[in-house]
Amino acid sequence: MNTITDTNFKFPKQVNVYKGKVREVYRLEDDIMVMVATDRLSAFDVVMPKGIPYKGQILNQIATKMMNDTADIVPNWLLKTPDANVAIGHACEPFKVEMVIRGYMSGHAAREYKAGKRMLCGVPMPEGLKENDKFPSPIITPATKAEMGDHDEDISREDIIKRGIVSETDYKQLEDYTFALFKRGTEIAAKRGLILVDTKYEFGKTKDGKIVLIDEIHTPDSSRYFYADGYKERQEKGEPQKQLSKEFVRQWLISNNFQGLEGQTLPEMTDEYIASVSERYIELYENITGETFVKADISNIQKRIETNVLECLQTL
């Protein structure tokens with residue numbers, strides 16, 4: 001199936017392009033950014049060699065919906081979504097940290113806890129927890145923002161401020177926004193019969209110095225969800241939680257002896273497995289949004305995107 005794993009657009013007034021693990025950001029004059037969500041799949045900070053059909057569309061459309069659903073509590077960068085895979089908004093200078101917030105001890109936090117650690121990013125984790133237990137209250141465990149090919153790294157609030165990565169005043173605002181977004185995300189998830197377990201938010205500053213939410217929000221790539229139904233029973237029995245996230249990809253990689261470590265070989269993703277991952281992402285979309293997923297035309301994705309973006313730019 002057709003996927004979009006790389007772009008090389010030349011939009012009017014284009015200044016530069018930044019290529020992240022999944023998204024490609026075209027900066028234009030007049031402080032406009034065009035963000036293309038590709039079908040690339042990243043796990044353990046490694047980009048897989050093959051794209052996942054419709055993945056970019058799914059991430060872009062969930063992020064757009066969630067940006068709109070939280071705009072009343074936190075300002076964001078978004079102006080328009082002219083294409084299934086594209087968002088256009090205000091150019092921002094991104095903060096070099098990801099604001100990771102955890103309501104439950106899962107994923108990376110659980111792996112660190114299992115290794116005997118009781119501090120994560122300078123934040124204490126209580127004794128006596130088991131995997132997927134709820135924290136007494138959500139904790140923020142920031143990470144440095146890595147370039148493609150590098151690994152994000154845990155960092156404490158104190159180190160962020162001490163090293164001048166973010167000023168204390170700005171960091172306080174990022175914390176407040178992060179807690180507010182997680183609270184709203186938790187409420188939205190609950191209406192869908194889901195638990196928002198953990199997620200990450202990224203922020204930037206506009207040319208006017210305003211802090212805004214950027215990138216994606218509450219997508220299965222940036223967030224982990226559990227099904228609320230049966231959560232308590234599974235915890236009591238010590239069973240794995242039924243979850244909605246790309247954790248299933250990580251677990252598949254782990255089962256094939258790959259965690260992005262030096263010397264490990266990336267397992268081959270067969271066409272059959274790729275199709276199954278695409279189906280899982282569609283399931284994630286429909287559960288997270290409560291809407292039926294409508295597949296965009298993928299006969300010529302590059303041309304479709306270029307046409308839609310050019311038409312949109314004429315209206316800005």
# chains A, B, ... in the order shown; residues from 1 in each chain; ligands from 1
>>> select_by_dssp(residues="segment 65-308 of chain A", states="strand (DSSP E)", output="ChimeraX atom specification")
/A:78-83,86-90,93-94,97-104,119-120,123-124,134-140,143-144,153-154,194-205,211-214,223-227,243-244
>>> residues_around(residues="Tyr225 of chain A", least_positions_apart="4", cutoff="12 Å", atoms="only C-alpha atoms", output="ChimeraX atom specification")
/A:102-104,106-107,132,185-186,188-190,192-199,218-221,229,231,241-248,284-285,287-288
>>> closest_residue(among="A:Leu253, A:Val277, A:Ala84, A:Leu181", to="Lys295 of chain A", atoms="only C-alpha atoms")
A:Ala84
>>> atom_distance(atom1="atom CA of Met269 of chain A", atom2="atom CA of Asn300 of chain A")
23.4 Å
>>> atom_distance(atom1="atom CA of Val36 of chain A", atom2="atom CA of Arg280 of chain A")
21.4 Å
>>> atom_distance(atom1="atom CA of Asp176 of chain A", atom2="atom CA of Val74 of chain A")
9.6 Å
>>> select_by_dssp(residues="segment 110-275 of chain A", states="alpha helix (DSSP H)", output="JSON list (two decimals) with N, CA and C atoms, in the first residue's frame")
[["chain", "number", "residue", "atom", "x", "y", "z"],
["A", 110, "ALA", "N", 7.56, 2.11, 34.81],
["A", 110, "ALA", "CA", 7.48, 0.76, 35.38],
["A", 110, "ALA", "C", 8.80, 0.01, 35.20],
["A", 111, "ARG", "N", 9.42, 0.21, 34.04],
["A", 111, "ARG", "CA", 10.71, -0.47, 33.79],
["A", 111, "ARG", "C", 11.78, 0.05, 34.75],
["A", 112, "GLU", "N", 11.78, 1.37, 35.02],
["A", 112, "GLU", "CA", 12.73, 1.95, 35.96],
["A", 112, "GLU", "C", 12.44, 1.46, 37.39],
["A", 113, "TYR", "N", 11.16, 1.39, 37.74],
["A", 113, "TYR", "CA", 10.73, 0.95, 39.07],
["A", 113, "TYR", "C", 11.15, -0.49, 39.31],
["A", 114, "LYS", "N", 10.95, -1.31, 38.27],
["A", 114, "LYS", "CA", 11.29, -2.74, 38.36],
["A", 114, "LYS", "C", 12.80, -2.91, 38.55],
["A", 157, "ARG", "N", 13.46, 18.69, 36.79],
["A", 157, "ARG", "CA", 13.06, 20.10, 36.76],
["A", 157, "ARG", "C", 14.24, 20.98, 37.14],
["A", 158, "GLU", "N", 14.97, 20.56, 38.20],
["A", 158, "GLU", "CA", 16.09, 21.35, 38.71],
["A", 158, "GLU", "C", 17.18, 21.49, 37.66],
["A", 159, "ASP", "N", 17.48, 20.38, 36.95],
["A", 159, "ASP", "CA", 18.54, 20.44, 35.93],
["A", 159, "ASP", "C", 18.13, 21.30, 34.74],
["A", 160, "ILE", "N", 16.86, 21.23, 34.37],
["A", 160, "ILE", "CA", 16.36, 22.04, 33.25],
["A", 160, "ILE", "C", 16.59, 23.52, 33.55],
["A", 161, "ILE", "N", 16.25, 23.93, 34.75],
["A", 161, "ILE", "CA", 16.38, 25.34, 35.14],
["A", 161, "ILE", "C", 17.85, 25.70, 35.35],
["A", 162, "LYS", "N", 18.59, 24.83, 36.05],
["A", 162, "LYS", "CA", 20.00, 25.07, 36.35],
["A", 162, "LYS", "C", 20.83, 25.22, 35.08],
["A", 168, "GLU", "N", 13.00, 29.55, 34.85],
["A", 168, "GLU", "CA", 12.10, 29.10, 35.92],
["A", 168, "GLU", "C", 10.67, 29.59, 35.70],
["A", 169, "THR", "N", 10.54, 30.83, 35.26],
["A", 169, "THR", "CA", 9.21, 31.40, 35.01],
["A", 169, "THR", "C", 8.48, 30.64, 33.91],
["A", 170, "ASP", "N", 9.19, 30.39, 32.81],
["A", 170, "ASP", "CA", 8.58, 29.66, 31.70],
["A", 170, "ASP", "C", 8.26, 28.22, 32.11],
["A", 171, "TYR", "N", 9.16, 27.61, 32.87],
["A", 171, "TYR", "CA", 8.93, 26.22, 33.25],
["A", 171, "TYR", "C", 7.69, 26.08, 34.13],
["A", 172, "LYS", "N", 7.48, 27.05, 35.00],
["A", 172, "LYS", "CA", 6.27, 27.03, 35.84],
["A", 172, "LYS", "C", 5.03, 27.06, 34.97],
["A", 173, "GLN", "N", 5.07, 27.87, 33.90],
["A", 173, "GLN", "CA", 3.93, 27.94, 32.98],
["A", 173, "GLN", "C", 3.74, 26.60, 32.26],
["A", 174, "LEU", "N", 4.85, 25.98, 31.84],
["A", 174, "LEU", "CA", 4.77, 24.68, 31.17],
["A", 174, "LEU", "C", 4.14, 23.64, 32.11],
["A", 175, "GLU", "N", 4.53, 23.66, 33.37],
["A", 175, "GLU", "CA", 3.95, 22.73, 34.36],
["A", 175, "GLU", "C", 2.45, 22.95, 34.50],
["A", 176, "ASP", "N", 2.05, 24.20, 34.65],
["A", 176, "ASP", "CA", 0.63, 24.51, 34.82],
["A", 176, "ASP", "C", -0.18, 24.04, 33.62],
["A", 177, "TYR", "N", 0.34, 24.33, 32.42],
["A", 177, "TYR", "CA", -0.35, 23.91, 31.20],
["A", 177, "TYR", "C", -0.42, 22.38, 31.11],
["A", 178, "THR", "N", 0.68, 21.72, 31.50],
["A", 178, "THR", "CA", 0.74, 20.25, 31.42],
["A", 178, "THR", "C", -0.31, 19.62, 32.33],
["A", 179, "PHE", "N", -0.41, 20.10, 33.55],
["A", 179, "PHE", "CA", -1.42, 19.55, 34.49],
["A", 179, "PHE", "C", -2.84, 19.82, 33.97],
["A", 180, "ALA", "N", -3.07, 21.02, 33.42],
["A", 180, "ALA", "CA", -4.41, 21.37, 32.91],
["A", 180, "ALA", "C", -4.79, 20.50, 31.71],
["A", 181, "LEU", "N", -3.84, 20.28, 30.81],
["A", 181, "LEU", "CA", -4.10, 19.45, 29.62],
["A", 181, "LEU", "C", -4.35, 18.00, 30.01],
["A", 182, "PHE", "N", -3.58, 17.51, 30.98],
["A", 182, "PHE", "CA", -3.75, 16.11, 31.40],
["A", 182, "PHE", "C", -5.10, 15.91, 32.07],
["A", 183, "LYS", "N", -5.53, 16.90, 32.83],
["A", 183, "LYS", "CA", -6.85, 16.82, 33.48],
["A", 183, "LYS", "C", -7.95, 16.77, 32.41],
["A", 184, "ARG", "N", -7.85, 17.65, 31.40],
["A", 184, "ARG", "CA", -8.85, 17.66, 30.33],
["A", 184, "ARG", "C", -8.77, 16.36, 29.52],
["A", 185, "GLY", "N", -7.56, 15.92, 29.22],
["A", 185, "GLY", "CA", -7.38, 14.68, 28.46],
["A", 185, "GLY", "C", -7.97, 13.49, 29.20],
["A", 186, "THR", "N", -7.82, 13.48, 30.52],
["A", 186, "THR", "CA", -8.38, 12.41, 31.35],
["A", 186, "THR", "C", -9.90, 12.42, 31.27],
["A", 187, "GLU", "N", -10.49, 13.61, 31.28],
["A", 187, "GLU", "CA", -11.95, 13.74, 31.19],
["A", 187, "GLU", "C", -12.46, 13.29, 29.82],
["A", 188, "ILE", "N", -11.76, 13.67, 28.76],
["A", 188, "ILE", "CA", -12.15, 13.28, 27.40],
["A", 188, "ILE", "C", -12.07, 11.75, 27.27],
["A", 189, "ALA", "N", -10.97, 11.18, 27.78],
["A", 189, "ALA", "CA", -10.78, 9.72, 27.70],
["A", 189, "ALA", "C", -11.88, 8.98, 28.45],
["A", 190, "ALA", "N", -12.25, 9.50, 29.62],
["A", 190, "ALA", "CA", -13.27, 8.83, 30.44],
["A", 190, "ALA", "C", -14.59, 8.73, 29.70],
["A", 191, "LYS", "N", -14.91, 9.74, 28.90],
["A", 191, "LYS", "CA", -16.15, 9.71, 28.12],
["A", 191, "LYS", "C", -16.13, 8.62, 27.05],
["A", 231, "TYR", "N", -10.34, -2.59, 34.37],
["A", 231, "TYR", "CA", -9.02, -2.17, 34.85],
["A", 231, "TYR", "C", -8.75, -2.70, 36.26],
["A", 232, "LYS", "N", -9.68, -2.47, 37.18],
["A", 232, "LYS", "CA", -9.46, -2.88, 38.58],
["A", 232, "LYS", "C", -9.31, -4.39, 38.70],
["A", 233, "GLU", "N", -10.14, -5.12, 37.98],
["A", 233, "GLU", "CA", -10.08, -6.58, 38.06],
["A", 233, "GLU", "C", -8.74, -7.11, 37.56],
["A", 234, "ARG", "N", -8.26, -6.52, 36.46],
["A", 234, "ARG", "CA", -6.98, -6.96, 35.92],
["A", 234, "ARG", "C", -5.83, -6.64, 36.89],
["A", 235, "GLN", "N", -5.91, -5.47, 37.53],
["A", 235, "GLN", "CA", -4.87, -5.12, 38.51],
["A", 235, "GLN", "C", -4.87, -6.09, 39.69],
["A", 236, "GLU", "N", -6.07, -6.39, 40.17],
["A", 236, "GLU", "CA", -6.17, -7.29, 41.33],
["A", 236, "GLU", "C", -5.63, -8.68, 41.02],
["A", 237, "LYS", "N", -5.82, -9.12, 39.78],
["A", 237, "LYS", "CA", -5.36, -10.46, 39.38],
["A", 237, "LYS", "C", -3.90, -10.45, 38.90],
["A", 247, "GLU", "N", 2.39, 0.78, 22.42],
["A", 247, "GLU", "CA", 3.14, -0.14, 23.26],
["A", 247, "GLU", "C", 3.17, -1.54, 22.64],
["A", 248, "PHE", "N", 2.11, -1.88, 21.88],
["A", 248, "PHE", "CA", 2.09, -3.21, 21.25],
["A", 248, "PHE", "C", 3.25, -3.37, 20.26],
["A", 249, "VAL", "N", 3.67, -2.25, 19.63],
["A", 249, "VAL", "CA", 4.83, -2.30, 18.74],
["A", 249, "VAL", "C", 6.10, -2.50, 19.55],
["A", 250, "ARG", "N", 6.22, -1.75, 20.66],
["A", 250, "ARG", "CA", 7.40, -1.91, 21.52],
["A", 250, "ARG", "C", 7.51, -3.34, 22.02],
["A", 251, "GLN", "N", 6.38, -3.92, 22.45],
["A", 251, "GLN", "CA", 6.41, -5.29, 22.98],
["A", 251, "GLN", "C", 6.80, -6.29, 21.89],
["A", 252, "TRP", "N", 6.34, -6.04, 20.66],
["A", 252, "TRP", "CA", 6.72, -6.91, 19.54],
["A", 252, "TRP", "C", 8.23, -6.83, 19.30],
["A", 253, "LEU", "N", 8.77, -5.61, 19.37],
["A", 253, "LEU", "CA", 10.21, -5.43, 19.18],
["A", 253, "LEU", "C", 10.99, -6.11, 20.31],
["A", 254, "ILE", "N", 10.53, -5.93, 21.56],
["A", 254, "ILE", "CA", 11.20, -6.56, 22.70],
["A", 254, "ILE", "C", 11.20, -8.08, 22.54],
["A", 255, "SER", "N", 10.05, -8.63, 22.09],
["A", 255, "SER", "CA", 9.96, -10.09, 21.91],
["A", 255, "SER", "C", 10.88, -10.59, 20.81],
["A", 271, "ASP", "N", 4.90, -7.49, 5.39],
["A", 271, "ASP", "CA", 3.73, -6.76, 4.91],
["A", 271, "ASP", "C", 2.50, -7.10, 5.74],
["A", 272, "GLU", "N", 2.42, -8.35, 6.14],
["A", 272, "GLU", "CA", 1.28, -8.79, 6.96],
["A", 272, "GLU", "C", 1.29, -8.09, 8.32],
["A", 273, "TYR", "N", 2.49, -8.00, 8.93],
["A", 273, "TYR", "CA", 2.58, -7.33, 10.23],
["A", 273, "TYR", "C", 2.28, -5.84, 10.09],
["A", 274, "ILE", "N", 2.78, -5.21, 9.03],
["A", 274, "ILE", "CA", 2.52, -3.79, 8.79],
["A", 274, "ILE", "C", 1.02, -3.53, 8.64],
["A", 275, "ALA", "N", 0.34, -4.40, 7.91],
["A", 275, "ALA", "CA", -1.12, -4.27, 7.75],
["A", 275, "ALA", "C", -1.82, -4.38, 9.09]]
>>> residues_around(residues="Leu213 of chain A", least_positions_apart="6", cutoff="8 Å", atoms="only C-alpha atoms", output="list in words")
Val74, Pro75, Asn76, Trp77, Tyr201, Glu202, Phe203 and Gly204 of chain A
>>> closest_residue(among="A:Glu93, A:Ala87, A:Glu262, A:Ile298", to="Ala63 of chain A", atoms="only C-alpha atoms")
A:Ala87
>>> closest_atom_pairs(of="segment 3-34 of chain A", to="segment 42-61 of chain A", cutoff="8 Å", atoms="only C-alpha atoms", output="tab-separated table")
residue	atom	partner	partner_atom	distance
A:Thr3	CA	A:Pro53	CA	5.3
A:Ile4	CA	A:Gly51	CA	6.9
A:Thr5	CA	A:Gly51	CA	5.9
A:Lys21	CA	A:Val47	CA	6.4
A:Val22	CA	A:Ser42	CA	7.0
>>> closest_residue(among="A:Glu239, A:Asp154, A:Glu216, A:Glu268", to="Ile62 of chain A", atoms="only C-alpha atoms")
A:Glu216
>>> residues_around(residues="Phe11 of chain A", least_positions_apart="2", cutoff="12 Å", atoms="only C-alpha atoms", output="number ranges by chain")
A: 7-9, 13-17, 25-29, 32-34, 305-314
>>> closest_residue(among="A:Tyr281, A:Phe293, A:Phe95, A:Phe258", to="Ile211 of chain A", atoms="only C-alpha atoms")
A:Phe95
